[in-house]
Amino acid sequence: METKETIAALAALAQESRLAVFRLLIQIGPEGMAASKIAEEISVSPSALSFHLKELTHAKLVMARHEGRFVIYSANFNTMNGLIGFLTENCCGGNVCSPTTICSPTEKNMA
């Protein structure tokens, strides 16, 4: 992933509703979800969701496909993995590393 693509992806994710949409679509998986269901899940108006989906699509973080009269949105896992790869490319001086523990949301709130 190039620097400009990384900046576009990070800028798109740097907003609460867009981050919520992206995290929801990651959780749902490749099958994706209809825009109306996304709006329900994250409690945003359809017009606001349309704006956020446009931004995420422009950053190539989300893809859309038509199924009948519905538009189904799904996370672009290639872009997500490219972003993670770009951010961790030189992690730990080139040595293999990984988090030793991952906190659950409850543990994070207690910290």
# chains A, B, ... in the order shown; residues from 1 in each chain; ligands from 1
$ select_by_dssp --residues "region 6-76 of chain A" --states "alpha helix (DSSP H)" --output "PyMOL selection string"
chain A and resi 6-13+16-28+35-42+46-58
$ write_last_selection --atoms "N, CA and C atoms" --output "compact mmCIF listing (two decimals), in the first residue's frame"
# COMPACT_ATOMS: atom_id res chain seq x y z
N THR A 6 -2.74 4.99 2.22
CA THR A 6 -2.78 4.83 3.68
C THR A 6 -3.39 6.06 4.33
N ILE A 7 -2.98 7.23 3.89
CA ILE A 7 -3.53 8.47 4.45
C ILE A 7 -5.03 8.56 4.19
N ALA A 8 -5.47 8.18 2.98
CA ALA A 8 -6.90 8.21 2.66
C ALA A 8 -7.68 7.25 3.56
N ALA A 9 -7.14 6.06 3.78
CA ALA A 9 -7.81 5.07 4.62
C ALA A 9 -7.88 5.54 6.07
N LEU A 10 -6.77 6.06 6.58
CA LEU A 10 -6.76 6.53 7.97
C LEU A 10 -7.69 7.73 8.15
N ALA A 11 -7.72 8.62 7.16
CA ALA A 11 -8.61 9.79 7.23
C ALA A 11 -10.08 9.33 7.23
N ALA A 12 -10.40 8.34 6.42
CA ALA A 12 -11.78 7.84 6.37
C ALA A 12 -12.18 7.20 7.70
N LEU A 13 -11.25 6.54 8.35
CA LEU A 13 -11.55 5.87 9.62
C LEU A 13 -11.52 6.82 10.82
N GLU A 16 -16.08 8.86 14.00
CA GLU A 16 -16.76 7.86 14.84
C GLU A 16 -17.74 6.96 14.07
N SER A 17 -18.61 7.54 13.27
CA SER A 17 -19.60 6.73 12.55
C SER A 17 -18.95 5.85 11.50
N ARG A 18 -17.98 6.40 10.76
CA ARG A 18 -17.30 5.60 9.74
C ARG A 18 -16.52 4.46 10.37
N LEU A 19 -15.89 4.72 11.48
CA LEU A 19 -15.18 3.65 12.18
C LEU A 19 -16.15 2.57 12.63
N ALA A 20 -17.31 2.98 13.13
CA ALA A 20 -18.33 2.02 13.57
C ALA A 20 -18.83 1.18 12.39
N VAL A 21 -19.05 1.81 11.24
CA VAL A 21 -19.49 1.08 10.04
C VAL A 21 -18.43 0.07 9.64
N PHE A 22 -17.19 0.51 9.57
CA PHE A 22 -16.12 -0.38 9.14
C PHE A 22 -15.96 -1.56 10.10
N ARG A 23 -15.99 -1.29 11.39
CA ARG A 23 -15.86 -2.38 12.37
C ARG A 23 -17.03 -3.35 12.28
N LEU A 24 -18.23 -2.84 12.03
CA LEU A 24 -19.39 -3.70 11.85
C LEU A 24 -19.22 -4.59 10.63
N LEU A 25 -18.78 -4.00 9.53
CA LEU A 25 -18.60 -4.79 8.30
C LEU A 25 -17.48 -5.81 8.43
N ILE A 26 -16.45 -5.49 9.19
CA ILE A 26 -15.39 -6.47 9.46
C ILE A 26 -15.99 -7.64 10.24
N GLN A 27 -16.80 -7.33 11.22
CA GLN A 27 -17.43 -8.36 12.06
C GLN A 27 -18.37 -9.24 11.23
N ILE A 28 -19.14 -8.64 10.33
CA ILE A 28 -20.11 -9.37 9.51
C ILE A 28 -19.40 -10.32 8.54
N ALA A 35 -27.45 -1.56 3.32
CA ALA A 35 -27.28 -0.23 3.92
C ALA A 35 -28.33 0.04 4.99
N SER A 36 -29.56 -0.38 4.76
CA SER A 36 -30.62 -0.13 5.74
C SER A 36 -30.32 -0.82 7.07
N LYS A 37 -29.76 -2.01 7.02
CA LYS A 37 -29.40 -2.74 8.24
C LYS A 37 -28.21 -2.08 8.94
N ILE A 38 -27.26 -1.59 8.15
CA ILE A 38 -26.11 -0.89 8.74
C ILE A 38 -26.61 0.33 9.50
N ALA A 39 -27.51 1.10 8.88
CA ALA A 39 -28.06 2.30 9.52
C ALA A 39 -28.74 1.94 10.84
N GLU A 40 -29.49 0.85 10.86
CA GLU A 40 -30.15 0.41 12.09
C GLU A 40 -29.13 0.03 13.15
N GLU A 41 -28.13 -0.73 12.75
CA GLU A 41 -27.14 -1.24 13.70
C GLU A 41 -26.35 -0.13 14.38
N ILE A 42 -25.98 0.89 13.63
CA ILE A 42 -25.15 1.94 14.24
C ILE A 42 -25.95 3.20 14.56
N PRO A 46 -30.28 7.33 7.25
CA PRO A 46 -29.84 6.85 5.93
C PRO A 46 -29.02 7.87 5.15
N SER A 47 -29.37 9.16 5.26
CA SER A 47 -28.61 10.17 4.51
C SER A 47 -27.20 10.32 5.07
N ALA A 48 -27.06 10.29 6.39
CA ALA A 48 -25.72 10.35 7.00
C ALA A 48 -24.92 9.11 6.64
N LEU A 49 -25.58 7.95 6.67
CA LEU A 49 -24.89 6.71 6.33
C LEU A 49 -24.39 6.75 4.90
N SER A 50 -25.20 7.27 4.00
CA SER A 50 -24.81 7.37 2.60
C SER A 50 -23.51 8.16 2.45
N PHE A 51 -23.41 9.27 3.16
CA PHE A 51 -22.19 10.09 3.14
C PHE A 51 -21.00 9.29 3.66
N HIS A 52 -21.18 8.60 4.78
CA HIS A 52 -20.08 7.83 5.38
C HIS A 52 -19.65 6.66 4.49
N LEU A 53 -20.62 5.99 3.89
CA LEU A 53 -20.28 4.88 2.99
C LEU A 53 -19.53 5.38 1.76
N LYS A 54 -19.90 6.57 1.27
CA LYS A 54 -19.18 7.15 0.14
C LYS A 54 -17.72 7.40 0.49
N GLU A 55 -17.48 7.93 1.68
CA GLU A 55 -16.11 8.19 2.13
C GLU A 55 -15.31 6.90 2.27
N LEU A 56 -15.93 5.88 2.86
CA LEU A 56 -15.26 4.59 3.04
C LEU A 56 -15.00 3.91 1.70
N THR A 57 -15.93 4.04 0.78
CA THR A 57 -15.76 3.45 -0.56
C THR A 57 -14.65 4.18 -1.31
N HIS A 58 -14.64 5.51 -1.21
CA HIS A 58 -13.59 6.30 -1.87
C HIS A 58 -12.20 5.89 -1.36
$ residues_around --residues "region 75-78 of chain A" --least-positions-apart "5" --cutoff "8 Å" --atoms "only C-alpha atoms" --output "list in words"
Phe22, Leu25, Ile26, Gly29, Pro30, Gly32, Lys60, Leu61, Val62 and Met63 of chain A
$ atom_distance --atom1 "CA of Ser45 (chain A)" --atom2 "CA of Thr79 (chain A)"
26.4 Å
$ residues_around --residues "Ile72 (chain A)" --least-positions-apart "5" --cutoff "7 Å" --atoms "only C-alpha atoms" --output "list in words"
Gly32, Met33, Ala34, Ala35, Ala64, Arg65, His66 and Glu67 of chain A
$ write_last_selection --atoms "C-alpha atoms" --output "PDB file, in the first residue's frame"
ATOM      1  CA  GLY A  32     -21.707  -7.861   3.899  1.00  0.00           C
ATOM      2  CA  MET A  33     -24.884  -6.091   4.907  1.00  0.00           C
ATOM      3  CA  ALA A  34     -27.594  -3.965   3.323  1.00  0.00           C
ATOM      4  CA  ALA A  35     -27.283  -0.233   3.918  1.00  0.00           C
ATOM      5  CA  ALA A  64     -20.719  -2.250  -2.759  1.00  0.00           C
ATOM      6  CA  ARG A  65     -22.640  -4.777  -4.814  1.00  0.00           C
ATOM      7  CA  HIS A  66     -26.264  -4.982  -5.924  1.00  0.00           C
ATOM      8  CA  GLU A  67     -28.482  -7.867  -4.865  1.00  0.00           C
TER       9      GLU A  67
END
$ atom_distance --atom1 "CA of Leu83 (chain A)" --atom2 "CA of Thr3 (chain A)"
9.6 Å
